[in-house]
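A.B. asks: The structure under discussion is supplied below as structure tokens; questions concerning it will follow.
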Amino acid sequence: MLKFNKPFNPFPSGKYANVFSRGLAVFLAFSVFPFALSGCVSDTGVEPYRASKEELEAASAAAGRNMLRIGCWIPPRPHQMTTDEEAEARMKEVAESGLNMVSTHHDDLKDMGFIHRIIKAGAKYGVEVMIELNSDLSDSGIEANLNVVRETKDYANLFGYNLFDEPGESAREALTGEYALVKELAPDKFVMLNLLPNYGPQDAMAPVITKGLTWYRTYVDNFAQTGSEAISFDSYPYRAVGEYEAWSRFISNSCDLVLASRKYDRPVWGFVQDSSWSGMYMPEEEALRMLCHMHLLFQMKSYSYFLYAQPWEDDGSGFSAMLNWDGKLTRTYYRVQKNNAELANFGYRVLSYDLKGIYAERLTKEHRDAVDKSLRLTSGSCFKSVDVEDGHEIIAGIFTPRSAEANARDGYANDTADEAVYVINFSHSVRKTVTVNFKGVREYTVWGPDGIEDMGAASSLKLDLPAGDARFIEFKTFGTDG
């Protein structure tokens with residue numbers, strides 16, 4: 001299940017977020033700070049200090065922000081968009097939720113008028129469109145897909161085409177040929193396909209395993225060679241039964257794609273479970289934000305929510321969505337809207353960095369073992385460790401800056417630090433106070449759901465992390481000159 005999107009205003013409440021509006025979470029972090037400084041040894045030559053409110057405001061104004069392409073699969077349904085006016089009203093709701101891309105379903109191509117209405121209405125509200133092409137890979141099926149490309153490729157907000165959702169090995173040869181034909185017609189459009197997760201059918205995905213690779217890495221490796229411009233997957237951990245094990249599979253799956261991204265120099269895209277269906281439960285606010293943070297931790301350059309609109313009139317399949325079949329917005333819509341606004345306040349700073357490795361020392365053995373050994377780190381050059389009460393799980397990513405050229409190419413901020421750490425409360429039910437230890441006294445900036453929440457120099461920080469929440473710490477400070 002997959003699809004994606006484009007920019008929205010990351011500061012809906014003004015030029016920068018009110019860093020003092022979140023009450024307890026910020027109060028605790030600040031109130032314990034003097035104790036974190038006591039007894040510091042300034043072996044780095046940096047003296048401890050904490051930024052004032054005025055300095056935080058200046059930093060918020062100076063620091064660069066990034067845009068994340070956030071999409072959704074299954075846009076408002078054709079019966080909800082029969083006119084241009086209806087289409088515009090529906091796409092306005094999409095944009096107001098913080099989404100900036102919608103991805104169609106291949107069955108939507110039966111009504112090209114609907115496709116054109118989506119694209120045109122999306123353009124009015126800054127929403128890009130990804131078209132999922134038909135899964136018929138016969139000569140006539142591919143020609144029909146090429147006709148869709150010819151008919152839509154000139155729209156500026158048509159971001160690209162998804163050739164296929166969750167292909168097996170039997171489709172690889174045809175998809176390789178289709179990719180080349182679509183790129184020939186639309187060289188400036190993004191063309192990709194979405195892969196099965198590591199709990200898919202092994203025999204259909206990788207019937208012949210490449211020597212030196214696992215069966216799943218064989219599958220990813222094979223489909224990377226089709227030309228797909230994203231290494232994309234969907235993995236859904238919120239299961240009525242077996243969630244703990246599902247998170248191990250998600251971590252392992254994400255590691256496989258990080259390594260494939262490095263090998264092929266292509267971005268990883270993912271899907272965020274916001275809905276319920278048979279055997280899968282609807283994540284509440286805490287669970288939703290944890291899953292989004294985990295996607296960003298593992299270097300996803302875009303993710304899409306599964307799903308936006310109820311795909312069928314209630315037929316007993318149990319699908320929930322942000323938009324009901326009757327056209328009413330659901331509580332899931334407002335949960336996603338809140339989540340998008342809070343994550344935007346992090347400035348998506350992580351996009352300006354590359355993942356160096358995963359600090360898994362505060363995970364259970366099963367979850368720690370799911371982190372590929374080549375990605376496990378016990379510390380960084382500035383980051384030392386995380387302390388948390390026994391039995392509570394914390395996962396952290398250690399990041400190094402991307403090259404200035406790479407950030408400029410992708411439109412990302414380049415005011416980076418030598419190192420950054422992404423600390424996630426790996427629980428969607430328990431609030432945790434954690435201590436993040438540095439190697440000596442280090443300058444730092446803490447990003448959270450209120451923007452820049454803390455800044456200064458210290459040898460450790462105490463963070464109060466609500467369930468499923470995170471903080472992104474850069475080992476630098478921001479002045480008025482950026």
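Ordering of the structure tokens sets the chain letters (A, B, ...), residue numbers begin anew at 1 in every chain, and ligands are numbered from 1 in the order given.
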Identify, with DSSP run on backbone atoms, the residues in range 212-370 of chain A assigned to strand (DSSP E), and express the list as a list in words.

C.D. replies: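 Across range 212-370 of chain A, those assigned strand (DSSP E) are Ile231, Ser232, Phe233, Val268, Trp269, Gly270, Phe271, Val272, Gln273, Met300, Lys301, Ser302, Tyr303, Ser304, Tyr305, Phe306, Tyr353, Asp354, Leu355, Lys356, Gly357, Ile358 and Tyr359 of chain A.
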
A.B. asks: Hey, which of A:Tyr348, A:Leu56, A:Leu213, A:Ala87 ends up closest to Gly479 in chain A? Count only C-alpha atoms.

C.D. replies: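 Once distances to Gly479 in chain A are computed over only C-alpha atoms, the minimum belongs to A:Leu56.
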
A.B. asks: Can you list, as JSON, numbers by chain, every residue of range 49-184 of chain A that DSSP puts in alpha helix (DSSP H)?

C.D. replies: {"A": [53, 54, 55, 56, 57, 58, 59, 60, 61, 62, 84, 85, 86, 87, 88, 89, 90, 91, 92, 93, 94, 95, 96, 112, 113, 114, 115, 116, 117, 118, 119, 120, 121, 122, 123, 124, 139, 140, 141, 142, 143, 144, 145, 146, 147, 148, 149, 150, 151, 152, 172, 173, 174, 175, 176, 177, 178, 179, 180, 181, 182, 183, 184]}

A.B. asks: Using only C-alpha atoms, determine which residues lie at most 8 Å from range 293-297 of chain A, disregarding the query and same-chain residues fewer than 2 positions distant; provide the list as a VMD selection string.

C.D. replies: chain A and resid 270 289 to 291 299 to 301 303 350 355 396 to 397 422 424 469 to 470

A.B. asks: Would you mind listing what lies within 12 Å of Phe426 in chain A as a ChimeraX atom specification, with only C-alpha atoms counted and same-chain residues fewer than 2 positions away left out?

C.D. replies: /A:244,247,251,286-294,297,360,362-364,367-368,388,391-396,422-424,428-432,434,465-470

A.B. asks: Smallest atom-to-atom distance to Leu461 in chain A: which of A:Phe478, A:Trp73, A:Trp447, A:Phe438, using only C-alpha atoms?

C.D. replies: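 Going through A:Phe478, A:Trp73, A:Trp447, A:Phe438 one by one, the smallest distance to Leu461 in chain A is for A:Phe438.
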
A.B. asks: Do a neighbour search on range 306-313 of chain A at 7 Å with only C-alpha atoms, toss out local chain neighbours closer than 5 positions, and write the hits as number ranges by chain.

C.D. replies: A: 72-77, 271-275, 319-325

A.B. asks: Between A:Lys365, A:Lys263, A:His116, A:Arg331, which is the closest to Glu245 in chain A once you count only C-alpha atoms?

C.D. replies: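 That would be A:Lys365, the residue with the smallest distance to Glu245 in chain A.
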
A.B. asks: Quick one: pull the distance between CA of Thr378 in chain A and CA of Asn425 in chain A, Å, one decimal.

C.D. replies: 17.5 Å

A.B. asks: Could you give me, as a PyMOL selection string, the residues within 6 Å of range 217-225 of chain A, counting only C-alpha atoms and dropping anything in the same chain fewer than 4 positions from it?

C.D. replies: chain A and resi 205-206+209-210+213

A.B. asks: Tell me, as a list in words, which residues lie within 10 Å of Val421 in chain A, counting only C-alpha atoms; anything in the same chain fewer than 3 positions away does not count.

C.D. replies: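 The neighbour list is Leu297, Val350, Leu355, Lys356, Gly357, Ile358, Tyr359, Gly380, Cys382, Phe383, Ala396, Gly397, Ile398, Phe399, Thr400, Ile424, Val436, Val446, Arg471, Phe472, Ile473, Glu474 and Phe475 of chain A.
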
A.B. asks: How about saving the chosen residues, N, CA and C atoms kept, as a CSV table (one decimal), in the first residue's frame?

C.D. replies:
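Okay, this is what ended up in again.csv:
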```
chain,number,residue,atom,x,y,z
A,297,LEU,N,13.8,8.4,11.8
A,297,LEU,CA,15.1,7.8,12.4
A,297,LEU,C,15.8,7.0,11.3
A,350,VAL,N,16.5,16.4,10.7
A,350,VAL,CA,17.1,15.2,10.4
A,350,VAL,C,17.4,15.0,8.9
A,355,LEU,N,22.3,9.1,8.4
A,355,LEU,CA,22.3,8.2,9.5
A,355,LEU,C,23.7,7.5,9.6
A,356,LYS,N,24.4,7.7,10.7
A,356,LYS,CA,25.7,7.0,10.9
A,356,LYS,C,25.4,5.6,11.5
A,357,GLY,N,24.5,5.6,12.5
A,357,GLY,CA,24.2,4.3,13.1
A,357,GLY,C,23.2,4.4,14.2
A,358,ILE,N,22.8,3.3,14.7
A,358,ILE,CA,21.7,3.2,15.7
A,358,ILE,C,22.3,2.9,17.1
A,359,TYR,N,21.9,3.7,18.1
A,359,TYR,CA,22.2,3.4,19.5
A,359,TYR,C,21.1,2.6,20.0
A,380,GLY,N,28.8,8.2,19.9
A,380,GLY,CA,29.3,9.0,18.7
A,380,GLY,C,30.5,9.8,19.1
A,382,CYS,N,30.3,13.1,19.8
A,382,CYS,CA,29.9,14.0,20.8
A,382,CYS,C,28.9,13.3,21.8
A,383,PHE,N,28.0,12.5,21.2
A,383,PHE,CA,27.0,11.7,22.0
A,383,PHE,C,27.7,10.5,22.7
A,396,ALA,N,17.9,5.5,19.7
A,396,ALA,CA,18.5,6.7,19.2
A,396,ALA,C,19.2,6.5,17.9
A,397,GLY,N,19.2,7.5,17.1
A,397,GLY,CA,20.0,7.5,15.8
A,397,GLY,C,21.1,8.5,15.9
A,398,ILE,N,22.3,8.2,15.6
A,398,ILE,CA,23.4,9.1,15.5
A,398,ILE,C,23.7,9.5,14.1
A,399,PHE,N,23.7,10.8,13.8
A,399,PHE,CA,23.7,11.3,12.5
A,399,PHE,C,24.9,12.2,12.3
A,400,THR,N,25.4,12.2,11.0
A,400,THR,CA,26.5,13.1,10.6
A,400,THR,C,25.9,14.0,9.4
A,424,ILE,N,14.3,8.8,20.8
A,424,ILE,CA,12.9,8.4,20.7
A,424,ILE,C,12.5,7.6,21.9
A,436,VAL,N,20.4,12.2,28.6
A,436,VAL,CA,21.3,12.1,27.4
A,436,VAL,C,22.7,12.6,27.8
A,446,VAL,N,18.2,21.7,21.1
A,446,VAL,CA,17.1,20.6,21.2
A,446,VAL,C,15.9,21.1,20.4
A,471,ARG,N,13.1,13.8,20.7
A,471,ARG,CA,13.8,15.1,20.6
A,471,ARG,C,15.0,14.9,19.6
A,472,PHE,N,15.3,15.9,18.8
A,472,PHE,CA,16.4,15.9,17.9
A,472,PHE,C,17.4,16.9,18.4
A,473,ILE,N,18.6,16.4,18.8
A,473,ILE,CA,19.7,17.2,19.4
A,473,ILE,C,20.8,17.4,18.4
A,474,GLU,N,21.1,18.7,18.1
A,474,GLU,CA,22.2,19.0,17.3
A,474,GLU,C,23.3,19.6,18.2
A,475,PHE,N,24.5,19.2,17.9
A,475,PHE,CA,25.7,19.6,18.7
A,475,PHE,C,26.2,20.9,18.2
```
